[in-house]
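Novice: File follows, target.tsv with TSV, C-alpha atoms:
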```tsv
chain	number	residue	atom	x	y	z
A	1	MET	CA	-64.41	-22.23	-124.58
A	2	SER	CA	-60.83	-21.01	-124.81
A	3	LEU	CA	-59.41	-20.44	-128.27
A	4	ARG	CA	-55.71	-19.89	-128.90
A	5	TYR	CA	-54.99	-18.71	-132.43
A	6	PRO	CA	-58.06	-20.37	-133.97
A	7	PRO	CA	-58.18	-19.98	-137.75
A	8	ILE	CA	-60.46	-17.05	-138.52
A	9	PRO	CA	-63.03	-19.24	-140.37
A	10	ILE	CA	-63.37	-21.43	-137.26
A	11	LEU	CA	-63.77	-18.36	-135.07
A	12	GLU	CA	-66.47	-17.03	-137.40
A	13	LEU	CA	-68.25	-20.39	-137.38
A	14	TRP	CA	-68.20	-20.49	-133.57
A	15	LEU	CA	-69.61	-16.98	-133.40
A	16	GLU	CA	-72.38	-17.88	-135.86
A	17	ARG	CA	-73.29	-20.93	-133.78
A	18	SER	CA	-73.46	-18.84	-130.61
A	19	ALA	CA	-76.74	-17.56	-132.08
A	20	HIS	CA	-78.31	-14.96	-129.78
A	21	ALA	CA	-76.32	-15.85	-126.65
A	22	SER	CA	-74.63	-12.98	-124.82
A	23	LEU	CA	-70.86	-13.10	-125.21
A	24	ASP	CA	-68.21	-12.65	-122.52
A	25	ILE	CA	-64.98	-12.08	-124.44
A	26	HIS	CA	-61.40	-12.06	-123.14
A	27	PHE	CA	-59.00	-10.90	-125.84
A	28	THR	CA	-55.42	-11.10	-124.59
A	29	ASP	CA	-52.04	-10.52	-126.20
A	30	MET	CA	-49.96	-11.46	-123.16
A	31	GLY	CA	-47.70	-14.14	-124.64
A	32	PRO	CA	-49.31	-16.19	-127.40
A	33	LEU	CA	-52.49	-14.40	-128.34
A	34	ALA	CA	-55.65	-16.05	-127.07
A	35	LEU	CA	-59.39	-15.54	-127.21
A	36	MET	CA	-61.63	-16.70	-124.41
A	37	LEU	CA	-65.29	-16.43	-125.25
A	38	THR	CA	-67.09	-18.42	-122.55
A	39	GLU	CA	-66.20	-20.66	-119.65
A	40	GLY	CA	-65.97	-24.29	-120.63
A	41	THR	CA	-63.62	-26.97	-121.92
A	42	PRO	CA	-60.34	-25.62	-123.34
A	43	TRP	CA	-60.00	-26.16	-127.08
A	44	MET	CA	-56.63	-26.14	-128.82
A	45	PRO	CA	-56.86	-25.94	-132.62
A	46	ASN	CA	-54.27	-27.69	-134.75
A	47	VAL	CA	-52.43	-24.59	-135.88
A	48	THR	CA	-48.83	-23.46	-135.67
A	49	PHE	CA	-47.97	-21.12	-132.79
A	50	THR	CA	-45.96	-18.08	-133.68
A	51	HIS	CA	-44.40	-15.16	-131.85
A	52	ASP	CA	-43.88	-13.16	-135.03
A	53	HIS	CA	-45.22	-9.74	-134.10
A	54	ALA	CA	-46.31	-8.86	-137.62
A	55	VAL	CA	-48.29	-12.09	-137.88
A	56	GLN	CA	-49.86	-11.48	-134.46
A	57	LEU	CA	-50.92	-7.98	-135.47
A	58	VAL	CA	-52.57	-9.20	-138.69
A	59	TYR	CA	-54.30	-11.99	-136.81
A	60	SER	CA	-55.51	-9.58	-134.10
A	61	ARG	CA	-56.95	-7.25	-136.75
A	62	ASP	CA	-58.81	-10.10	-138.47
A	63	ALA	CA	-60.04	-11.52	-135.16
A	64	ILE	CA	-61.35	-8.14	-134.06
A	65	LYS	CA	-63.22	-7.78	-137.36
A	66	ALA	CA	-64.82	-11.20	-136.84
A	67	LEU	CA	-65.81	-10.35	-133.28
A	68	ALA	CA	-67.06	-6.90	-134.27
A	69	ALA	CA	-69.62	-8.48	-136.60
A	70	HIS	CA	-71.27	-9.83	-133.44
A	71	ALA	CA	-70.88	-6.72	-131.29
A	72	HIS	CA	-74.64	-6.68	-130.71
A	73	HIS	CA	-74.21	-9.88	-128.64
A	74	TRP	CA	-71.36	-8.67	-126.44
A	75	GLU	CA	-72.08	-8.37	-122.73
A	76	LYS	CA	-68.56	-8.20	-121.28
A	77	PHE	CA	-65.27	-7.55	-123.04
A	78	LEU	CA	-61.76	-7.67	-121.56
A	79	TYR	CA	-59.15	-6.46	-124.07
A	80	MET	CA	-55.63	-7.03	-122.69
A	81	CYS	CA	-52.87	-5.72	-124.95
A	82	PRO	CA	-50.63	-3.84	-122.50
A	83	SER	CA	-47.36	-3.73	-124.51
A	84	ASN	CA	-45.87	-0.25	-124.25
A	85	ASN	CA	-44.38	-0.12	-127.74
A	86	ASN	CA	-45.44	0.50	-131.34
A	87	ARG	CA	-47.04	-2.93	-131.60
A	88	GLY	CA	-48.99	-2.32	-128.40
A	89	PHE	CA	-50.12	1.07	-129.70
A	90	ARG	CA	-51.35	-0.57	-132.92
A	91	LEU	CA	-53.25	-3.23	-131.00
A	92	ALA	CA	-54.87	-0.49	-128.91
A	93	SER	CA	-55.86	1.39	-132.06
A	94	LEU	CA	-57.72	-1.70	-133.35
A	95	LEU	CA	-60.48	-0.67	-130.92
A	96	THR	CA	-61.42	2.11	-133.32
A	97	LEU	CA	-62.52	-0.56	-135.82
A	98	ILE	CA	-65.30	-1.79	-133.54
A	99	PRO	CA	-68.86	-0.50	-134.08
A	100	PHE	CA	-69.52	0.12	-130.40
A	101	GLN	CA	-72.82	1.82	-131.23
A	102	ASP	CA	-74.14	-1.68	-132.10
A	103	ALA	CA	-73.01	-3.16	-128.77
A	104	THR	CA	-76.34	-2.55	-127.05
A	105	ARG	CA	-75.84	-5.35	-124.50
A	106	LEU	CA	-72.30	-4.31	-123.56
A	107	THR	CA	-72.20	-3.13	-119.94
A	108	TYR	CA	-68.65	-4.10	-118.96
A	109	PHE	CA	-65.58	-3.14	-121.00
A	110	ILE	CA	-62.01	-3.20	-119.71
A	111	PRO	CA	-59.32	-2.18	-122.21
A	112	MET	CA	-55.95	-2.93	-120.61
A	113	VAL	CA	-53.97	-1.13	-123.29
A	114	CYS	CA	-51.14	1.34	-123.72
A	115	SER	CA	-52.39	3.75	-126.33
A	116	SER	CA	-50.27	6.44	-127.87
A	117	ARG	CA	-51.13	9.98	-126.82
A	118	GLU	CA	-52.31	10.70	-130.36
A	119	ALA	CA	-54.73	7.72	-130.39
A	120	GLN	CA	-56.21	8.21	-126.93
A	121	ASP	CA	-59.08	10.49	-127.95
A	122	SER	CA	-60.15	8.43	-130.98
A	123	ILE	CA	-60.13	5.22	-128.90
A	124	LEU	CA	-62.18	6.79	-126.11
A	125	ASN	CA	-64.62	8.33	-128.58
A	126	ALA	CA	-65.13	4.93	-130.23
A	127	ILE	CA	-65.75	3.12	-126.91
A	128	GLY	CA	-68.02	5.94	-125.74
A	129	ARG	CA	-70.55	5.04	-128.43
A	130	ALA	CA	-71.55	1.90	-126.52
A	131	PRO	CA	-75.02	3.02	-125.36
A	132	ASN	CA	-75.34	0.96	-122.14
A	133	LEU	CA	-71.77	0.81	-120.87
A	134	LYS	CA	-71.64	0.83	-117.04
A	135	THR	CA	-68.18	-0.48	-116.06
A	136	PHE	CA	-64.98	0.91	-117.57
A	137	TYR	CA	-61.23	0.92	-116.82
A	138	TRP	CA	-58.79	3.39	-118.35
A	139	THR	CA	-55.11	4.30	-117.98
A	140	PHE	CA	-54.10	7.73	-119.23
A	141	PRO	CA	-51.00	7.23	-121.38
A	142	ASP	CA	-49.04	10.43	-120.85
A	143	PRO	CA	-49.03	12.79	-117.82
A	144	ASP	CA	-48.40	15.77	-120.10
A	145	TYR	CA	-51.29	15.05	-122.43
A	146	PRO	CA	-54.61	16.85	-121.84
A	147	THR	CA	-57.65	14.75	-120.96
A	148	SER	CA	-60.33	17.23	-121.97
A	149	ARG	CA	-60.47	16.59	-125.71
A	150	SER	CA	-62.43	13.35	-125.62
A	151	LEU	CA	-66.23	13.28	-125.84
A	152	PHE	CA	-66.32	10.12	-123.73
A	153	PRO	CA	-69.53	9.92	-121.62
A	154	TRP	CA	-67.94	9.68	-118.18
A	155	HIS	CA	-71.22	10.88	-116.65
A	156	ARG	CA	-73.06	7.65	-117.61
A	157	LEU	CA	-70.74	5.15	-115.94
A	158	GLU	CA	-71.47	3.46	-112.62
A	159	GLU	CA	-68.12	1.76	-111.97
A	160	LEU	CA	-64.78	3.27	-112.96
A	161	ASN	CA	-61.14	2.31	-112.52
A	162	LEU	CA	-58.85	5.17	-113.50
A	163	THR	CA	-55.04	5.39	-113.55
A	164	GLY	CA	-53.18	8.65	-114.00
A	165	CYS	CA	-51.54	11.58	-112.24
A	166	THR	CA	-53.47	13.96	-109.98
A	167	ARG	CA	-53.79	16.61	-112.68
A	168	GLN	CA	-55.37	14.19	-115.13
A	169	LEU	CA	-57.71	12.60	-112.62
A	170	SER	CA	-58.87	15.93	-111.22
A	171	SER	CA	-60.11	16.84	-114.71
A	172	ILE	CA	-62.05	13.58	-115.13
A	173	ILE	CA	-63.48	12.88	-111.66
A	174	PRO	CA	-65.99	15.80	-111.72
A	175	LYS	CA	-67.54	14.25	-114.84
A	176	CYS	CA	-68.21	10.89	-113.11
A	177	THR	CA	-71.47	11.99	-111.52
A	178	SER	CA	-73.22	8.60	-111.87
A	179	ALA	CA	-70.37	6.59	-110.35
A	180	THR	CA	-71.31	4.41	-107.38
A	181	ARG	CA	-67.91	2.65	-107.30
A	182	LEU	CA	-64.66	4.40	-108.15
A	183	HIS	CA	-61.08	3.12	-108.01
A	184	LEU	CA	-58.21	5.56	-108.46
A	185	ASP	CA	-54.62	4.49	-109.07
A	186	VAL	CA	-52.79	7.78	-108.62
A	187	GLU	CA	-49.27	8.18	-109.96
A	188	PHE	CA	-46.81	10.72	-108.57
A	189	TYR	CA	-45.75	13.26	-111.14
A	190	LEU	CA	-44.02	16.60	-110.68
A	191	PRO	CA	-45.02	19.32	-110.29
A	192	SER	CA	-47.12	17.91	-107.48
A	193	GLN	CA	-50.44	19.65	-106.97
A	194	GLN	CA	-50.27	21.55	-103.66
A	195	GLU	CA	-53.13	24.04	-103.92
A	196	LEU	CA	-56.77	23.21	-103.27
A	197	GLN	CA	-58.95	23.16	-106.37
A	198	PRO	CA	-62.76	23.44	-106.52
A	199	SER	CA	-64.63	20.54	-104.94
A	200	MET	CA	-65.68	17.62	-107.13
A	201	PRO	CA	-69.23	16.48	-106.22
A	202	LEU	CA	-69.96	12.77	-106.72
A	203	PRO	CA	-73.52	12.60	-105.37
A	204	VAL	CA	-74.17	8.84	-105.66
A	205	LEU	CA	-70.69	7.47	-104.89
A	206	LYS	CA	-70.89	4.58	-102.41
A	207	CYS	CA	-67.43	3.03	-102.58
A	208	LEU	CA	-64.09	4.74	-103.16
A	209	SER	CA	-60.80	2.87	-103.48
A	210	ILE	CA	-57.53	4.73	-103.92
A	211	SER	CA	-53.98	3.44	-104.33
A	212	CYS	CA	-51.58	6.35	-104.05
A	213	HIS	CA	-48.67	8.18	-102.52
A	214	ARG	CA	-49.48	10.69	-99.80
A	215	ASP	CA	-49.54	13.63	-102.21
A	216	ALA	CA	-52.86	12.30	-103.58
A	217	PHE	CA	-54.61	13.09	-100.28
A	218	LEU	CA	-55.08	16.63	-101.60
A	219	LEU	CA	-56.99	15.16	-104.54
A	220	LEU	CA	-59.00	13.02	-102.12
A	221	ARG	CA	-59.92	16.07	-100.03
A	222	GLN	CA	-61.45	17.73	-103.08
A	223	ILE	CA	-63.93	14.87	-103.67
A	224	GLU	CA	-67.33	15.66	-102.18
A	225	CYS	CA	-69.23	12.41	-101.63
A	226	ARG	CA	-72.04	12.68	-99.09
A	227	ASN	CA	-73.23	9.12	-99.67
A	228	LEU	CA	-69.83	7.44	-99.42
A	229	GLU	CA	-70.07	4.27	-97.30
A	230	VAL	CA	-66.87	2.34	-98.05
A	231	LEU	CA	-63.33	3.71	-98.34
A	232	PHE	CA	-60.19	1.70	-99.12
A	233	VAL	CA	-56.79	3.42	-99.08
A	234	ARG	CA	-53.52	1.72	-100.01
A	235	LEU	CA	-50.40	3.82	-99.50
A	236	ARG	CA	-47.42	3.25	-101.76
A	237	GLY	CA	-43.74	3.88	-101.09
A	238	GLU	CA	-42.21	7.25	-101.77
A	239	GLU	CA	-38.68	6.48	-102.91
A	240	LEU	CA	-39.46	8.53	-105.99
A	241	GLU	CA	-37.54	11.08	-107.96
A	242	GLY	CA	-38.76	14.45	-106.79
A	243	PHE	CA	-40.79	13.33	-103.77
A	244	ASN	CA	-37.92	13.72	-101.34
A	245	GLU	CA	-37.46	17.26	-102.61
A	246	LEU	CA	-40.83	18.28	-101.17
A	247	GLU	CA	-40.64	20.24	-97.94
A	248	ASP	CA	-41.50	18.41	-94.70
A	249	ARG	CA	-44.26	20.96	-94.16
A	250	VAL	CA	-45.87	20.00	-97.46
A	251	VAL	CA	-45.68	16.26	-96.67
A	252	GLN	CA	-47.28	16.91	-93.27
A	253	GLU	CA	-50.06	18.87	-94.96
A	254	PHE	CA	-50.84	15.81	-97.10
A	255	TRP	CA	-51.86	13.93	-93.96
A	256	GLU	CA	-53.90	16.90	-92.76
A	257	HIS	CA	-55.80	16.78	-96.04
A	258	PHE	CA	-56.68	13.16	-95.32
A	259	LEU	CA	-57.98	14.02	-91.84
A	260	VAL	CA	-60.07	16.86	-93.29
A	261	PHE	CA	-61.60	14.43	-95.77
A	262	LEU	CA	-62.45	11.94	-93.01
A	263	ASN	CA	-64.19	14.68	-91.08
A	264	SER	CA	-66.14	15.93	-94.09
A	265	ASN	CA	-69.80	15.29	-94.76
A	266	HIS	CA	-70.17	11.65	-95.80
A	267	SER	CA	-71.82	8.41	-94.65
A	268	LEU	CA	-68.67	6.33	-94.12
A	269	ARG	CA	-69.33	2.93	-92.51
A	270	LEU	CA	-66.34	0.76	-93.52
A	271	LEU	CA	-62.76	2.01	-93.73
A	272	GLN	CA	-59.66	0.02	-94.65
A	273	ILE	CA	-56.17	1.57	-94.82
A	274	GLU	CA	-52.98	-0.26	-95.77
A	275	ASP	CA	-49.51	1.14	-95.11
A	276	MET	CA	-47.10	-1.68	-95.88
A	277	GLU	CA	-44.07	0.61	-95.88
A	278	GLU	CA	-41.87	1.28	-92.88
A	279	SER	CA	-42.83	4.79	-91.84
A	280	LEU	CA	-45.42	6.48	-94.05
A	281	ILE	CA	-47.91	6.71	-91.19
A	282	GLU	CA	-45.77	8.00	-88.35
A	283	GLU	CA	-46.66	7.73	-84.67
A	284	HIS	CA	-47.86	11.32	-84.28
A	285	MET	CA	-50.00	10.91	-87.42
A	286	LEU	CA	-51.61	7.79	-86.00
A	287	LYS	CA	-52.48	9.54	-82.74
A	288	ALA	CA	-53.96	12.49	-84.63
A	289	PHE	CA	-55.92	9.99	-86.73
A	290	PHE	CA	-57.88	8.90	-83.64
A	291	THR	CA	-57.72	11.82	-81.25
A	292	LYS	CA	-58.80	14.69	-83.47
A	293	THR	CA	-62.46	15.22	-84.35
A	294	PRO	CA	-64.09	11.79	-83.84
A	295	TRP	CA	-64.85	11.14	-87.50
A	296	PHE	CA	-65.27	7.42	-86.79
A	297	THR	CA	-68.42	7.74	-84.65
A	298	ASN	CA	-70.60	6.02	-87.27
A	299	LEU	CA	-68.04	3.47	-88.48
A	300	ILE	CA	-69.12	-0.15	-88.38
A	301	GLY	CA	-65.64	-1.39	-89.19
A	302	LEU	CA	-62.07	-0.12	-89.33
A	303	LYS	CA	-58.98	-2.00	-90.44
A	304	LEU	CA	-55.67	-0.15	-90.29
A	305	THR	CA	-52.72	-2.27	-91.48
A	306	LEU	CA	-49.22	-1.10	-90.57
A	307	GLY	CA	-46.03	-2.59	-91.94
A	308	ASN	CA	-44.00	-1.04	-89.11
A	309	ALA	CA	-44.98	-2.74	-85.85
A	310	ASP	CA	-42.21	-1.34	-83.60
A	311	TRP	CA	-44.36	1.37	-82.03
A	312	ALA	CA	-47.86	0.24	-83.03
A	313	TYR	CA	-48.70	-1.63	-79.81
A	314	GLU	CA	-47.66	1.27	-77.59
A	315	ALA	CA	-49.67	3.69	-79.71
A	316	PHE	CA	-52.64	1.33	-79.52
A	317	ASP	CA	-52.58	1.35	-75.69
A	318	LEU	CA	-52.64	5.15	-75.63
A	319	ILE	CA	-55.42	5.42	-78.22
A	320	HIS	CA	-57.52	2.74	-76.54
A	321	SER	CA	-57.20	4.51	-73.21
A	322	GLU	CA	-58.25	7.86	-74.67
A	323	LEU	CA	-61.23	6.29	-76.42
A	324	GLY	CA	-62.30	4.77	-73.12
A	325	GLU	CA	-62.08	8.13	-71.37
A	326	THR	CA	-64.44	9.66	-73.93
A	327	GLU	CA	-66.82	6.69	-73.47
A	328	ASN	CA	-66.76	6.04	-77.20
A	329	ARG	CA	-68.73	2.91	-78.00
A	330	VAL	CA	-65.95	1.45	-80.17
A	331	ALA	CA	-63.53	1.33	-77.20
A	332	ASP	CA	-64.88	-2.07	-76.15
A	333	TYR	CA	-64.33	-3.48	-79.64
A	334	PHE	CA	-61.01	-1.80	-80.51
A	335	VAL	CA	-58.33	-4.49	-80.84
A	336	VAL	CA	-54.84	-4.96	-82.24
A	337	GLU	CA	-53.65	-8.13	-83.94
A	338	GLY	CA	-50.32	-9.26	-85.35
A	339	ASN	CA	-50.50	-11.16	-88.64
A	340	PHE	CA	-48.24	-12.47	-91.37
A	341	ASP	CA	-49.19	-10.94	-94.69
A	342	ASP	CA	-48.66	-13.56	-97.42
A	343	ARG	CA	-48.78	-11.01	-100.22
A	344	GLU	CA	-46.10	-8.79	-98.69
A	345	GLU	CA	-44.28	-11.69	-96.99
A	346	LYS	CA	-43.84	-9.79	-93.75
A	347	GLU	CA	-45.32	-9.35	-90.29
A	348	VAL	CA	-47.90	-6.59	-90.06
A	349	VAL	CA	-50.12	-5.14	-87.37
A	350	ASN	CA	-53.86	-4.72	-87.87
A	351	MET	CA	-55.77	-2.46	-85.52
A	352	GLY	CA	-59.42	-1.49	-85.55
A	353	TRP	CA	-62.79	-3.02	-84.89
A	354	ILE	CA	-65.92	-4.54	-86.40
A	355	LEU	CA	-69.40	-4.14	-84.94
A	356	GLU	CA	-70.89	-7.38	-86.19
A	357	ASP	CA	-74.46	-6.74	-85.02
A	358	ASP	CA	-74.56	-3.56	-87.12
A	359	LEU	CA	-72.64	-5.20	-89.97
A	360	ASP	CA	-75.30	-7.80	-90.81
A	361	GLU	CA	-77.99	-5.17	-91.26
A	362	PHE	CA	-75.65	-2.97	-93.30
A	363	LEU	CA	-74.64	-5.75	-95.72
A	364	ALA	CA	-78.21	-7.01	-96.18
A	365	ASN	CA	-79.20	-3.92	-98.17
A	366	ARG	CA	-76.00	-3.27	-100.11
A	367	SER	CA	-75.41	-5.71	-102.93
A	368	TYR	CA	-72.57	-3.58	-104.34
A	369	ILE	CA	-70.32	-4.66	-101.45
A	370	LYS	CA	-69.86	-8.07	-103.09
A	371	LYS	CA	-68.24	-6.36	-106.07
A	372	VAL	CA	-65.62	-4.56	-103.96
A	373	THR	CA	-62.83	-7.08	-104.44
A	374	ASN	CA	-60.17	-5.41	-102.27
A	375	LEU	CA	-62.41	-5.18	-99.20
A	376	ASP	CA	-62.01	-8.26	-96.98
A	377	ILE	CA	-64.47	-7.85	-94.11
A	378	CYS	CA	-63.52	-11.22	-92.62
A	379	SER	CA	-60.00	-9.90	-91.99
A	380	PHE	CA	-61.14	-6.90	-89.94
A	381	PRO	CA	-59.75	-7.00	-86.37
A	382	GLY	CA	-62.12	-8.70	-83.99
A	383	TYR	CA	-64.26	-10.33	-86.69
A	384	GLU	CA	-65.62	-13.69	-85.51
A	385	GLY	CA	-68.17	-14.49	-88.22
```
Here is the file; what I need is its structure written in the form of C-alpha cells.
Specialist:
Amino acid sequence: MSLRYPPIPILELWLERSAHASLDIHFTDMGPLALMLTEGTPWMPNVTFTHDHAVQLVYSRDAIKALAAHAHHWEKFLYMCPSNNNRGFRLASLLTLIPFQDATRLTYFIPMVCSSREAQDSILNAIGRAPNLKTFYWTFPDPDYPTSRSLFPWHRLEELNLTGCTRQLSSIIPKCTSATRLHLDVEFYLPSQQELQPSMPLPVLKCLSISCHRDAFLLLRQIECRNLEVLFVRLRGEELEGFNELEDRVVQEFWEHFLVFLNSNHSLRLLQIEDMEESLIEEHMLKAFFTKTPWFTNLIGLKLTLGNADWAYEAFDLIHSELGETENRVADYFVVEGNFDDREEKEVVNMGWILEDDLDEFLANRSYIKKVTNLDICSFPGYEG
C-alpha cells in the first residue's frame, strides 16, 4: 500500500490493523512526501497536497512518531530525505526520535539523509541501538568532521554502503570486521592521502565494490581481505579541483597500488572494472595489468570496460599473444567485444573472459552473489549462458 500524505489517524489505524506483520517502510521526502509500507494497490487519500516546507516538517515529525510506536514490527526501513539544507537537516534529526532499541526485527535500514555535522553522532548512536541490524548505508556529511566520536556498532554489520573521503573511510573500514559485502563511494578531497597506513583486516569480506577516482587505490591497497571473491571497480573522471595539481609520479603510483592489491593474498574469482572516461587506464597501464605477476590465475571471470576504444584492440592482440606464450589457461577464453553502453550512451570495449564450467559450481554455493546488484555476469565477454 502506498500512502501519500495520509491523515495521521488513518496512518495509525493502518498500522494497528497490520497486527503482527513485519513492516517494510519507505519514507521519502523527494517531492510530495510519501509513505510506502507494503507492496500492493496504490491508495490516494482525499487530502490537500502541499509543498509548504513547514507543514511537511510537522507532518514528517507526526508520521515518524506514529511509525515509531510500531518499531518492534519493522523489518526494512528506507528513509529518503536527502535535501542538503536546514529542512533536510531537521528531517534527518527526526531519526533520533525513534526507539531503535525496540526494533528487534529490523535488519535493513538505509537513511538517505544529509545530516548536519553536529547531528551526525546523535543520529548514528540512535540507529546503532537496533539490536539486529545487518544492512546499513551512510554518507558522511563533512570531510573535515571526525568520524571517531560515534559509538555506532560497525563491527556487527554484514552489508555496508559508505560514502566519504579516504580519510573518513580509512577510520571506519577497520571497524567493519563482520562485513561480507562492502560498497565504498570514495570522494576526492585534498589533501589526498599519499602515504601507506596500517592494513585494515576484513576477515570475512566476500564482495567489495568501489566507485572512486584513482587516488582511492591507496585506500584499496590497505584493505586486507583474504576471503574476497568478487571485486567491482568503477573509475570516475578526474576533472577536479586539485587533482591536476598532483604530480604525474603520484598518479602513476595510484595504479601501482591497485596492482599490488590484485597480487595480494585473497580469493578473487570475479573481477569487473569500468573506466568510462577517455584515458584513465592508459595503454601502458593496461599492459602492466596483464603482464605483471599473473594475479588472475584463479579468476573465473574478468570484465574490463573501456570508454576509449582507439587502442584497445591493438593492446588486446599483444596481451592475448603474451598469455598464449605463457600457456595460461585463460588465453583460449580471452575475448574482446565492442558494445553500445545505454547508460553512458557511447561505444565501449569489453575485454576479458568467463569460464562457464567453473562458474556454475562457484555460484551454486554463494547465495550472496544475487544481492550484488552492480555485477552483471551475463555481460562478461564470452558468456553464452
Novice: Once you count all atoms listed in the file, which residues end up no further than 8 Å from (-54.9, -6.5, -79.3) in the file's frame, shown as a list in words?
Specialist: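 Within the cut-off we find Tyr313, Phe334, Val335, Val336, Glu337 and Met351 of chain A.
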Novice: Restricted to C-alpha atoms, what would the selected residues look like written as a compact mmCIF listing (two decimals), keeping the file's coordinate frame?
Specialist:
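Printed below is again.txt as written:
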```txt
# COMPACT_ATOMS: atom_id res chain seq x y z
CA TYR A 313 -48.70 -1.63 -79.81
CA PHE A 334 -61.01 -1.80 -80.51
CA VAL A 335 -58.33 -4.49 -80.84
CA VAL A 336 -54.84 -4.96 -82.24
CA GLU A 337 -53.65 -8.13 -83.94
CA MET A 351 -55.77 -2.46 -85.52
```
Novice: Which value, in Å to one decimal, gives the distance between CA of Gly237 (chain A) and CA of Ala315 (chain A)?
Specialist: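 CA of Ala315 (chain A) lies 22.2 Å from CA of Gly237 (chain A).
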Novice: Which residue is closest to His183 (chain A)? Choose from A:Asn374, A:Ser367, A:Gln197, A:Ser18 and count all atoms listed in the file.
Specialist: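 Of all the options, A:Asn374 lies closest to His183 (chain A).
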Novice: So what do you get for CA of His284 (chain A) versus CA of Leu259 (chain A), distance-wise?
Specialist: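 CA of Leu259 (chain A) lies 12.9 Å from CA of His284 (chain A).
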Novice: Using only C-alpha atoms - which residues lie no farther than 7 Å from the point (-68.7, -6.0, -87.9) in the file's frame? Write them as a list of chain:residue names.
Specialist: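 Neighbouring residues, ordered by chain and number, come to A:Ile300, A:Gly301, A:Ile354, A:Leu355, A:Glu356, A:Asp357, A:Asp358, A:Leu359, A:Tyr383.
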Novice: Considering all atoms listed in the file, can you say which of A:Arg167, A:His266, A:Arg61, A:Lys206 comes closest to Tyr189 (chain A)?
Specialist: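 Looking at the shortest contact to Tyr189 (chain A), the residue is A:Arg167.
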Novice: How many Å lie between CA of Phe296 (chain A) and CA of Glu187 (chain A), rounded to one decimal?
Specialist: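 Between these atoms lies a distance of 28.2 Å.
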Novice: List the spatial neighbours of region 127-133 of chain A as a PyMOL selection string - criterion: any atom at most 7 Å away, only C-alpha atoms, same-chain residues fewer than 6 positions off excluded.
Specialist: chain A and resi 100-101+103-108+152-153+157
Novice: Show me, as a short mmCIF file (atom, residue, chain, number, x, y, z; two decimals) with C-alpha atoms, in the coordinates of the input, the residues that have an atom within 8 Å of Glu274 (chain A) when counting all atoms listed in the file, minus same-chain residues fewer than 3 positions from it.
Specialist:
```cif
data_model
loop_
_atom_site.label_atom_id
_atom_site.label_comp_id
_atom_site.auth_asym_id
_atom_site.auth_seq_id
_atom_site.Cartn_x
_atom_site.Cartn_y
_atom_site.Cartn_z
CA VAL A 233 -56.79 3.42 -99.08
CA ARG A 234 -53.52 1.72 -100.01
CA LEU A 235 -50.40 3.82 -99.50
CA LEU A 304 -55.67 -0.15 -90.29
CA THR A 305 -52.72 -2.27 -91.48
CA LEU A 306 -49.22 -1.10 -90.57
#
```
Novice: Nearest to Trp138 (chain A) among A:Thr177, A:Thr28, A:Asn161, A:Ser170, with distances taken over all atoms listed in the file: which residue is it?
Specialist: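 Counting all atoms listed in the file, the residue closest to Trp138 (chain A) is A:Asn161.
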Novice: Have a look at A:Asp332, A:Glu224, A:Glu229, A:Glu282 and name the one nearest to Val260 (chain A); count only C-alpha atoms.
Specialist: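 Smallest separation from Val260 (chain A) among the options: A:Glu224.
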